[in-house]
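**Q** One file is attached below, structure.txt, containing compact mmCIF, C-alpha atoms and all ligand atoms.
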```txt
# COMPACT_ATOMS: atom_id res chain seq x y z
CA MET A 1 134.09 101.68 110.43
CA ALA A 2 133.63 105.38 110.36
CA SER A 3 130.63 107.22 109.08
CA GLY A 4 131.42 110.16 106.84
CA GLY A 5 129.39 113.29 106.91
CA GLU A 6 130.30 115.03 103.70
CA GLU A 7 127.74 115.55 100.98
CA ARG A 8 128.38 113.27 98.06
CA VAL A 9 127.12 113.20 94.53
CA VAL A 10 125.83 109.74 93.76
CA ASP A 11 123.82 108.80 90.72
CA PHE A 12 121.28 106.51 92.31
CA LYS A 13 119.79 105.34 89.05
CA ALA A 14 122.87 104.19 87.22
CA CYS A 15 123.44 100.50 87.69
CA PHE A 16 126.32 98.47 86.39
CA GLY A 17 124.95 95.03 86.09
CA CYS A 18 124.14 94.14 89.69
CA CYS A 19 120.46 93.67 88.95
CA LYS A 20 120.67 89.90 88.92
CA ASP A 21 118.89 87.17 90.81
CA TYR A 22 120.24 85.45 93.91
CA TRP A 23 121.87 82.48 92.15
CA GLN A 24 123.35 84.58 89.37
CA ILE A 25 125.07 86.75 91.97
CA ILE A 26 126.55 83.66 93.62
CA LYS A 27 127.68 82.38 90.24
CA ASP A 28 129.30 85.69 89.27
CA TYR A 29 131.01 86.63 92.54
CA HIS A 30 131.80 83.41 94.41
CA SER A 31 135.57 83.27 95.07
CA ASN A 32 136.00 86.20 92.68
CA ASN A 33 137.54 89.15 94.51
CA GLU A 34 138.32 91.01 91.33
CA ALA A 35 134.71 91.05 90.13
CA SER A 36 133.46 91.80 93.66
CA ILE A 37 135.78 94.77 94.09
CA GLU A 38 134.72 96.07 90.69
CA LEU A 39 131.07 95.76 91.73
CA LEU A 40 131.75 97.61 94.99
CA ARG A 41 133.73 100.32 93.22
CA LYS A 42 131.06 100.86 90.60
CA HIS A 43 128.54 101.49 93.36
CA TRP A 44 130.92 103.82 95.23
CA VAL A 45 131.26 101.44 98.18
CA LEU A 46 134.99 101.53 97.44
CA PRO A 47 136.69 104.69 96.13
CA ARG A 48 137.18 105.23 92.44
CA GLU A 49 139.89 107.75 93.03
CA VAL A 50 141.94 108.80 96.03
CA GLN A 51 143.85 112.05 96.37
CA CYS A 52 147.30 112.14 97.94
CA LYS A 53 146.93 114.08 101.16
CA GLU A 54 150.46 115.51 100.71
CA CYS A 55 150.35 116.50 97.04
CA ASN A 56 146.58 116.90 96.50
CA LEU A 57 146.92 114.91 93.32
CA PRO A 58 145.45 111.52 92.35
CA CYS A 59 147.07 108.41 93.79
CA LYS A 60 147.91 105.21 91.96
CA TYR A 61 146.37 101.90 92.95
CA ARG A 62 148.27 98.78 93.93
CA GLU A 63 146.02 95.81 93.51
CA ASP A 64 148.01 93.18 95.39
CA ARG A 65 147.97 95.27 98.58
CA HIS A 66 144.54 96.89 98.14
CA GLN A 67 146.30 100.17 98.63
CA TRP A 68 146.43 103.63 97.08
CA TYR A 69 149.83 105.25 96.98
CA CYS A 70 151.71 108.30 95.72
CA ASP A 71 155.31 108.13 94.54
CA ARG A 72 155.72 111.62 93.08
CA TRP A 73 159.08 113.33 93.33
CA LYS A 74 158.83 116.76 94.86
CA LYS A 75 161.07 119.46 96.21
CA SER A 76 162.40 118.76 99.66
CA ARG A 77 161.57 121.31 102.32
CA LYS A 78 164.77 120.61 104.18
CA SER A 79 167.39 120.14 101.46
CA LYS A 80 167.89 121.26 97.88
CA GLY A 81 167.22 117.85 96.39
CA LYS A 82 163.96 116.07 95.64
CA VAL A 83 162.18 113.57 97.81
CA GLN A 84 159.68 110.92 96.88
CA CYS A 85 156.21 111.10 98.33
CA LYS A 86 155.45 108.07 100.45
CA PHE A 87 151.73 108.55 100.99
CA THR A 88 149.74 105.31 101.18
CA VAL A 89 146.22 104.51 102.30
CA SER A 90 144.16 101.33 102.39
CA ASP A 91 141.50 100.95 99.71
CA TYR A 92 139.04 100.11 102.49
CA LYS A 93 139.73 103.07 104.78
CA GLY A 94 136.53 104.70 105.98
CA THR A 95 134.40 102.36 103.85
CA PHE A 96 131.99 99.59 104.77
CA LEU A 97 134.95 97.19 104.54
CA ASP A 98 137.21 99.15 106.88
CA ASN A 99 138.95 96.98 109.49
CA SER A 100 137.54 93.87 107.91
CA HIS A 101 139.76 90.96 107.03
CA ILE A 102 137.07 89.22 105.11
CA PRO A 103 137.56 88.86 101.36
CA PRO A 104 135.27 91.24 99.46
CA TRP A 105 133.57 88.42 97.55
CA GLN A 106 132.36 86.96 100.84
CA ILE A 107 130.89 90.29 101.86
CA VAL A 108 129.06 90.54 98.55
CA LEU A 109 127.63 87.04 99.02
CA PHE A 110 126.74 87.75 102.63
CA ILE A 111 124.77 90.84 101.61
CA ASN A 112 123.13 88.85 98.83
CA HIS A 113 121.99 86.28 101.36
CA TRP A 114 120.92 88.84 103.93
CA LEU A 115 118.65 90.46 101.33
CA ARG A 116 116.73 87.20 100.89
CA LYS A 117 113.52 86.40 102.66
CA GLN A 118 114.85 83.07 103.92
CA TRP A 119 117.72 84.19 106.05
CA ASP A 120 119.73 81.22 107.29
CA HIS A 121 122.42 81.94 109.86
CA GLU A 122 123.72 78.35 109.87
CA ALA A 123 124.02 78.25 106.09
CA VAL A 124 126.07 81.46 106.06
CA ILE A 125 128.46 80.13 108.65
CA GLU A 126 128.85 76.87 106.81
CA CYS A 127 129.10 78.20 103.26
CA LEU A 128 131.38 81.15 103.98
CA GLY A 129 133.35 79.46 106.76
CA TRP A 130 132.58 82.31 109.15
CA SER A 131 132.30 82.20 112.90
CA SER A 132 128.89 82.75 114.41
CA SER A 133 129.93 86.10 115.86
CA THR A 134 131.23 87.35 112.49
CA SER A 135 127.86 86.59 110.96
CA VAL A 136 126.06 88.35 113.82
CA ASP A 137 128.33 91.41 113.43
CA TRP A 138 127.73 91.68 109.71
CA ARG A 139 124.03 91.28 110.18
CA SER A 140 124.07 94.29 112.42
CA PHE A 141 126.26 96.29 109.99
CA CYS A 142 123.72 95.52 107.27
CA SER A 143 120.87 96.56 109.56
CA GLU A 144 122.55 99.91 110.17
CA VAL A 145 122.68 100.47 106.42
CA THR A 146 119.00 99.77 105.89
CA LEU A 147 118.07 101.85 108.93
CA SER A 148 119.89 104.85 107.46
CA TRP A 149 118.22 104.16 104.13
CA LEU A 150 114.83 104.40 105.84
CA ASP A 151 115.31 108.14 106.21
CA ASN A 152 116.05 108.49 102.51
CA GLN A 153 113.08 106.80 100.91
CA GLN A 154 112.08 108.33 97.62
CA GLN A 155 109.09 110.60 97.23
CA ILE A 156 106.00 109.20 95.54
CA GLY A 157 103.04 110.82 93.79
CA GLY A 158 102.90 113.97 91.70
CA GLN A 159 100.33 116.27 90.11
CA ASP A 160 96.92 114.53 90.14
CA ILE A 161 98.50 111.18 91.04
CA ILE A 162 96.56 109.12 93.58
CA VAL A 163 98.36 108.20 96.79
CA GLU A 164 96.56 106.18 99.44
CA VAL A 165 97.74 106.79 102.98
CA TYR A 166 97.01 104.85 106.11
CA GLU A 167 98.19 104.53 109.65
CA THR A 168 97.91 101.37 111.57
CA PHE A 169 99.37 99.62 114.54
CA PHE A 170 100.56 96.16 115.38
CA VAL A 171 99.58 94.55 118.59
CA HIS A 172 101.78 91.77 119.75
CA ASP A 173 101.19 89.17 122.36
CA LYS A 174 103.49 88.46 125.22
CA TYR A 175 106.73 86.69 124.52
CA GLU A 176 108.84 84.50 126.68
CA HIS A 177 111.99 86.46 125.97
CA GLY A 178 112.37 90.17 125.95
CA ARG A 179 109.97 92.99 126.48
CA PRO A 180 106.51 92.37 125.07
CA LEU A 181 105.73 94.57 122.12
CA ARG A 182 102.28 95.98 122.71
CA GLU A 183 101.77 98.45 119.96
CA VAL A 184 103.79 99.84 117.11
CA TRP A 185 102.33 102.53 114.92
CA LEU A 186 103.19 102.78 111.25
CA PHE A 187 102.33 105.40 108.73
CA GLY A 188 102.70 104.99 105.01
CA GLY A 189 101.44 105.66 101.54
CA ILE A 190 101.27 103.85 98.25
CA LYS A 191 101.10 105.23 94.74
CA ARG A 192 98.06 103.43 93.40
CA GLU A 193 99.25 103.13 89.85
CA SER A 194 102.78 101.79 90.34
CA LYS A 195 102.40 100.38 93.88
CA ARG A 196 105.55 102.20 94.92
CA PHE A 197 105.34 103.02 98.58
CA PHE A 198 106.97 104.57 101.62
CA ILE A 199 106.48 103.53 105.20
CA VAL A 200 107.67 105.05 108.43
CA PRO A 201 107.42 103.59 111.88
CA LEU A 202 106.08 106.15 114.31
CA VAL A 203 108.26 104.65 116.99
CA ASP A 204 111.71 105.72 117.92
CA GLU A 205 113.44 104.16 120.86
CA GLY A 206 110.14 103.20 122.41
CA PHE A 207 108.58 106.64 121.96
CA GLN A 208 105.51 106.82 119.73
CA ASP A 209 104.44 110.01 118.07
CA ARG A 210 101.28 110.11 115.96
CA SER A 211 100.52 113.80 116.20
CA ALA A 212 99.10 115.66 113.22
CA ALA A 213 102.36 117.59 112.99
CA THR A 214 104.38 114.39 112.62
CA LEU A 215 102.07 112.99 109.96
CA THR A 216 102.17 116.25 108.05
CA TYR A 217 105.95 116.21 108.24
CA TYR A 218 106.10 112.74 106.68
CA ILE A 219 103.48 113.54 104.08
CA LYS A 220 105.49 116.55 102.91
CA LYS A 221 108.70 114.55 102.99
CA TYR A 222 107.46 111.53 101.05
CA ILE A 223 104.52 112.69 98.92
CA LYS A 224 104.96 115.16 96.11
CA GLU A 225 102.85 118.29 96.13
CA GLY A 226 99.82 118.20 93.87
CA SER A 227 99.12 114.54 94.68
CA VAL A 228 95.61 113.33 95.35
CA ILE A 229 95.70 111.87 98.84
CA ILE A 230 93.06 109.40 99.96
CA SER A 231 92.82 108.70 103.65
CA ASP A 232 90.47 107.87 106.46
CA GLY A 233 88.68 110.64 108.28
CA TRP A 234 91.19 111.20 111.04
CA ARG A 235 91.42 114.84 111.97
CA GLY A 236 95.18 114.88 111.54
CA TYR A 237 94.70 114.85 107.77
CA MET A 238 92.24 117.71 107.59
CA ARG A 239 94.80 120.38 106.79
CA LEU A 240 96.15 118.61 103.70
CA PRO A 241 94.45 120.95 101.19
CA LEU A 242 96.38 123.82 102.77
CA GLN A 243 99.62 121.97 102.12
CA GLY A 244 99.14 121.76 98.36
CA TYR A 245 97.35 118.40 98.11
CA THR A 246 93.91 117.34 96.96
CA HIS A 247 92.31 115.31 99.72
CA HIS A 248 89.54 112.70 99.68
CA VAL A 249 88.24 110.93 102.74
CA ILE A 250 86.80 107.46 102.99
CA ASN A 251 84.55 106.86 105.94
CA TYR A 252 85.20 103.31 107.12
CA LYS A 253 82.22 103.28 109.41
CA ASP A 254 79.88 103.34 106.44
CA ASN A 255 81.68 101.71 103.56
CA TYR A 256 85.06 100.50 102.40
CA VAL A 257 84.63 102.15 99.02
CA ASP A 258 82.93 105.47 98.45
CA LEU A 259 79.65 104.57 96.79
CA VAL A 260 79.51 107.65 94.59
CA HIS A 261 83.19 107.98 93.67
CA SER A 262 84.55 104.45 93.41
CA PHE A 263 88.17 105.68 93.20
CA ILE A 264 87.96 106.77 96.82
CA HIS A 265 89.31 103.77 98.68
CA THR A 266 92.52 102.70 100.36
CA GLN A 267 92.53 99.04 99.41
CA ASN A 268 96.09 99.01 98.09
CA VAL A 269 97.65 100.43 101.18
CA GLU A 270 95.55 98.12 103.36
CA ARG A 271 96.80 95.11 101.41
CA LEU A 272 100.35 96.29 101.99
CA TRP A 273 99.71 96.48 105.74
CA ARG A 274 98.26 92.98 105.76
CA ASP A 275 101.44 91.66 104.13
CA ILE A 276 103.59 93.43 106.66
CA LYS A 277 101.55 92.18 109.59
CA GLU A 278 101.84 88.65 108.30
CA TRP A 279 105.58 88.96 107.97
CA THR A 280 106.16 90.51 111.34
CA LYS A 281 104.13 87.85 113.19
CA ARG A 282 107.19 86.01 114.28
CA PRO A 283 108.03 84.83 117.73
CA GLY A 284 110.59 86.80 119.63
CA LEU A 285 110.15 90.06 117.76
CA ARG A 286 111.08 92.59 120.39
CA VAL A 287 110.30 96.27 120.26
CA GLU A 288 113.97 97.24 120.13
CA TYR A 289 114.43 95.16 116.98
CA PHE A 290 111.17 96.06 115.35
CA LYS A 291 112.64 98.78 113.22
CA GLN A 292 115.38 96.48 111.95
CA TYR A 293 112.96 93.72 110.96
CA PHE A 294 110.65 96.20 109.45
CA VAL A 295 113.25 97.94 107.31
CA ARG A 296 114.61 94.65 106.08
CA TYR A 297 111.08 93.79 105.08
CA LEU A 298 110.91 96.93 102.97
CA PHE A 299 113.96 95.81 101.06
CA LEU A 300 112.54 92.36 100.57
CA HIS A 301 109.19 93.65 99.46
CA ARG A 302 110.62 95.36 96.42
CA PRO A 303 111.68 93.79 93.14
CA PRO A 304 114.39 91.35 94.31
CA LYS A 305 116.77 92.24 91.52
CA GLU A 306 116.93 95.86 92.68
CA ALA A 307 117.65 95.11 96.32
CA LEU A 308 121.40 94.60 95.98
CA HIS A 309 121.85 97.75 93.92
CA ASP A 310 119.87 99.92 96.33
CA PHE A 311 121.63 98.36 99.27
CA LEU A 312 125.09 99.11 97.85
CA ILE A 313 124.09 102.71 97.15
CA ALA A 314 122.87 102.98 100.75
CA VAL A 315 126.21 101.58 101.93
CA ALA A 316 128.10 104.16 99.89
CA THR A 317 125.94 106.93 101.33
CA LEU A 318 126.47 105.83 104.92
CA TYR A 319 130.17 105.00 104.57
CA PRO A 320 131.46 107.27 101.85
CA PRO A 321 134.95 106.39 100.60
CA GLN A 322 137.70 108.92 101.00
CA GLU A 323 137.10 111.11 98.01
CA PRO A 324 133.96 111.86 96.03
CA ARG A 325 134.08 110.41 92.56
CA VAL A 326 135.27 112.62 89.76
CA GLN A 327 132.38 114.16 87.88
ZN ZN B 401 123.73 98.38 90.55
ZN ZN B 402 151.91 112.56 97.12
```
Starting from the file, lay out its structure as structure tokens.

**A**
Amino acid sequence: MASGGEERVVDFKACFGCCKDYWQIIKDYHSNNEASIELLRKHWVLPREVQCKECNLPCKYREDRHQWYCDRWKKSRKSKGKVQCKFTVSDYKGTFLDNSHIPPWQIVLFINHWLRKQWDHEAVIECLGWSSSTSVDWRSFCSEVTLSWLDNQQQIGGQDIIVEVYETFFVHDKYEHGRPLREVWLFGGIKRESKRFFIVPLVDEGFQDRSAATLTYYIKKYIKEGSVIISDGWRGYMRLPLQGYTHHVINYKDNYVDLVHSFIHTQNVERLWRDIKEWTKRPGLRVEYFKQYFVRYLFLHRPPKEALHDFLIAVATLYPPQEPRVQ
């Protein structure tokens, strides 16, 4: 699979009926390649149109071979007569499905299962008839997609909208296998009203960075200007008013809620952290996989019916098909 770098126009909001629950997805796509390919095409995982590289004009699609082709007659460069264009390209080229011999419906069902809290490796192998290594491979392909999505979380907040921010760390005990994970710092914020959130791990390949500059970078990236930010009294936040935010501080040493202004608290974001800590307390969680587990958690923590849609959009962004869709 190749990752494309070109800028693509994708309407992230438009959905075409993938917002269904787990069993409905199985019912609709099991053994149904036609419906699965349509689903993938509608979310730009597969191309909607392919240009002939020779003629720069749209190709035709041949369903039985999953292939785009061009059969235009054009002037021959060598002789006086006309020659027929013979351009062909696989429907899957450059996409998430490139070099895969797995029927598309199985990939849709695999993703559907992977986006569930109760991941079951044995069940996937048994139900889809896959080998263990195929399942492991596709798990890692899916992890790559969510990891790339992590950098594209949507901004929260807005003028006079309350956003609670918090940084925390996880301390893990020793494990029998792998490197013990001592400490992982996370930073995140939650929009109080809608509970929409962003979270970023302040760890990258073992390196942790919790400087004020890094926090400011993430605040500007993920919180809209004009928001009312509520945080603890760490010095790293002190410059927020200069960045276009209103800032309130809760002093945890004294109280958990400001006694004069009861809106000054960070209880929502703290609850979110507690959930995450609970979920990540699993044996064998190694620091090198932390990010993967963590990002999968983010997907699972959202409305379940939206997970597949957002995942497919993230796939299309990471592995763009050959041509951008026609506007
Ligand atoms: Zn959708
Ligand atoms: Zn052509």

**Q** Atom CA of A:Gln118 to atom CA of A:Phe299: how many Å, to one decimal?

**A**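 Distance reported for this atom pair: 13.1 Å.
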
**Q** How close does chain A get to ligand ZN 401 (chain B)? List, as a tab-separated table, each residue of chain A within 8 Å, its nearest atom pair and the distance in Å to one decimal, counting all atoms listed in the file.

**A**
```
residue	atom	partner	partner_atom	distance
A:Ala14	CA	B:ZN401	ZN	6.8
A:Cys15	CA	B:ZN401	ZN	3.6
A:Phe16	CA	B:ZN401	ZN	4.9
A:Gly17	CA	B:ZN401	ZN	5.7
A:Cys18	CA	B:ZN401	ZN	4.3
A:Cys19	CA	B:ZN401	ZN	6.0
A:Leu39	CA	B:ZN401	ZN	7.9
A:Lys42	CA	B:ZN401	ZN	7.7
A:His43	CA	B:ZN401	ZN	6.4
A:Glu306	CA	B:ZN401	ZN	7.6
A:Leu308	CA	B:ZN401	ZN	7.0
A:His309	CA	B:ZN401	ZN	3.9
A:Asp310	CA	B:ZN401	ZN	7.1
A:Leu312	CA	B:ZN401	ZN	7.5
A:Ile313	CA	B:ZN401	ZN	7.9
```

**Q** Output the selection as a PDB file, in the frame of the given file - C-alpha atoms for each residue.

**A**
```pdb
ATOM      1  CA  ALA A  14     122.870 104.190  87.220  1.00  0.00           C
ATOM      2  CA  CYS A  15     123.440 100.500  87.690  1.00  0.00           C
ATOM      3  CA  PHE A  16     126.320  98.470  86.390  1.00  0.00           C
ATOM      4  CA  GLY A  17     124.950  95.030  86.090  1.00  0.00           C
ATOM      5  CA  CYS A  18     124.140  94.140  89.690  1.00  0.00           C
ATOM      6  CA  CYS A  19     120.460  93.670  88.950  1.00  0.00           C
ATOM      7  CA  LEU A  39     131.070  95.760  91.730  1.00  0.00           C
ATOM      8  CA  LYS A  42     131.060 100.860  90.600  1.00  0.00           C
ATOM      9  CA  HIS A  43     128.540 101.490  93.360  1.00  0.00           C
ATOM     10  CA  GLU A 306     116.930  95.860  92.680  1.00  0.00           C
ATOM     11  CA  LEU A 308     121.400  94.600  95.980  1.00  0.00           C
ATOM     12  CA  HIS A 309     121.850  97.750  93.920  1.00  0.00           C
ATOM     13  CA  ASP A 310     119.870  99.920  96.330  1.00  0.00           C
ATOM     14  CA  LEU A 312     125.090  99.110  97.850  1.00  0.00           C
ATOM     15  CA  ILE A 313     124.090 102.710  97.150  1.00  0.00           C
TER      16      ILE A 313
END
```

**Q** Could you report the residues within 9 Å of ligand ZN 402 (chain B), using only C-alpha atoms and all ligand atoms, as a list in words?

**A**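 The residues within 9 Å of ligand ZN 402 (chain B), counting only C-alpha atoms and all ligand atoms, are Gln51, Cys52, Lys53, Glu54, Cys55, Asn56, Leu57, Pro58, Cys59, Tyr69, Cys70, Asp71, Arg72, Trp73, Lys74, Gln84, Cys85, Lys86, Phe87 and Thr88 of chain A.
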
**Q** Which residue gives the smallest distance to A:Ala316 among A:His30, A:Arg41, A:Lys20, A:His248, with only C-alpha atoms counted?

**A**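 Between A:His30, A:Arg41, A:Lys20, A:His248, the residue approaching A:Ala316 most closely is A:Arg41.
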
**Q** Within 10 Å of A:His301, counting all atoms listed in the file, which residues qualify if same-chain residues fewer than 3 places away don't, as a VMD selection string?

**A** chain A and resid 117 272 275 to 276 295 to 298 304 307

**Q** In the coordinate frame of the file, compute which residues have an atom within 10 Å of (129.5, 90.6, 104.4) when using all atoms listed in the file, and state them as a ChimeraX atom specification.

**A** /A:96-97,100,102-114,124,128,134-135,137-139,141-142

**Q** Between A:Leu115, A:Glu122, A:Leu46, A:Arg210, which one has atoms that come closest to A:Tyr92, using all atoms listed in the file?

**A** A:Leu46

**Q** If you measure from atom CA of A:Ser143 to atom CA of A:Thr317, what distance in Å do you get, rounded to one decimal?

**A**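 Interatomic distance, atom CA of A:Ser143 to atom CA of A:Thr317: 14.2 Å.
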
**Q** Tell me which protein, DNA and RNA residues are within 10 Å of A:Asn152, counting only C-alpha atoms, leaving out same-chain ones fewer than 5 positions away, and put them as a VMD selection string.

**A** chain A and resid 146 to 147 198 221 to 222 314

**Q** For each of A:Asp151, A:Asp120, A:Glu63, A:Glu270, take the minimum atom-to-atom distance to A:Asp232, counting only C-alpha atoms, then give the residue where this is smallest.

**A**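 Using only C-alpha atoms, A:Asp232 sits closest to A:Glu270.
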
**Q** What gap, in Å, lies between atom CA of A:Ala212 and atom CA of A:Val165?

**A**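 Rounded to one decimal, the two atoms are 13.6 Å apart.
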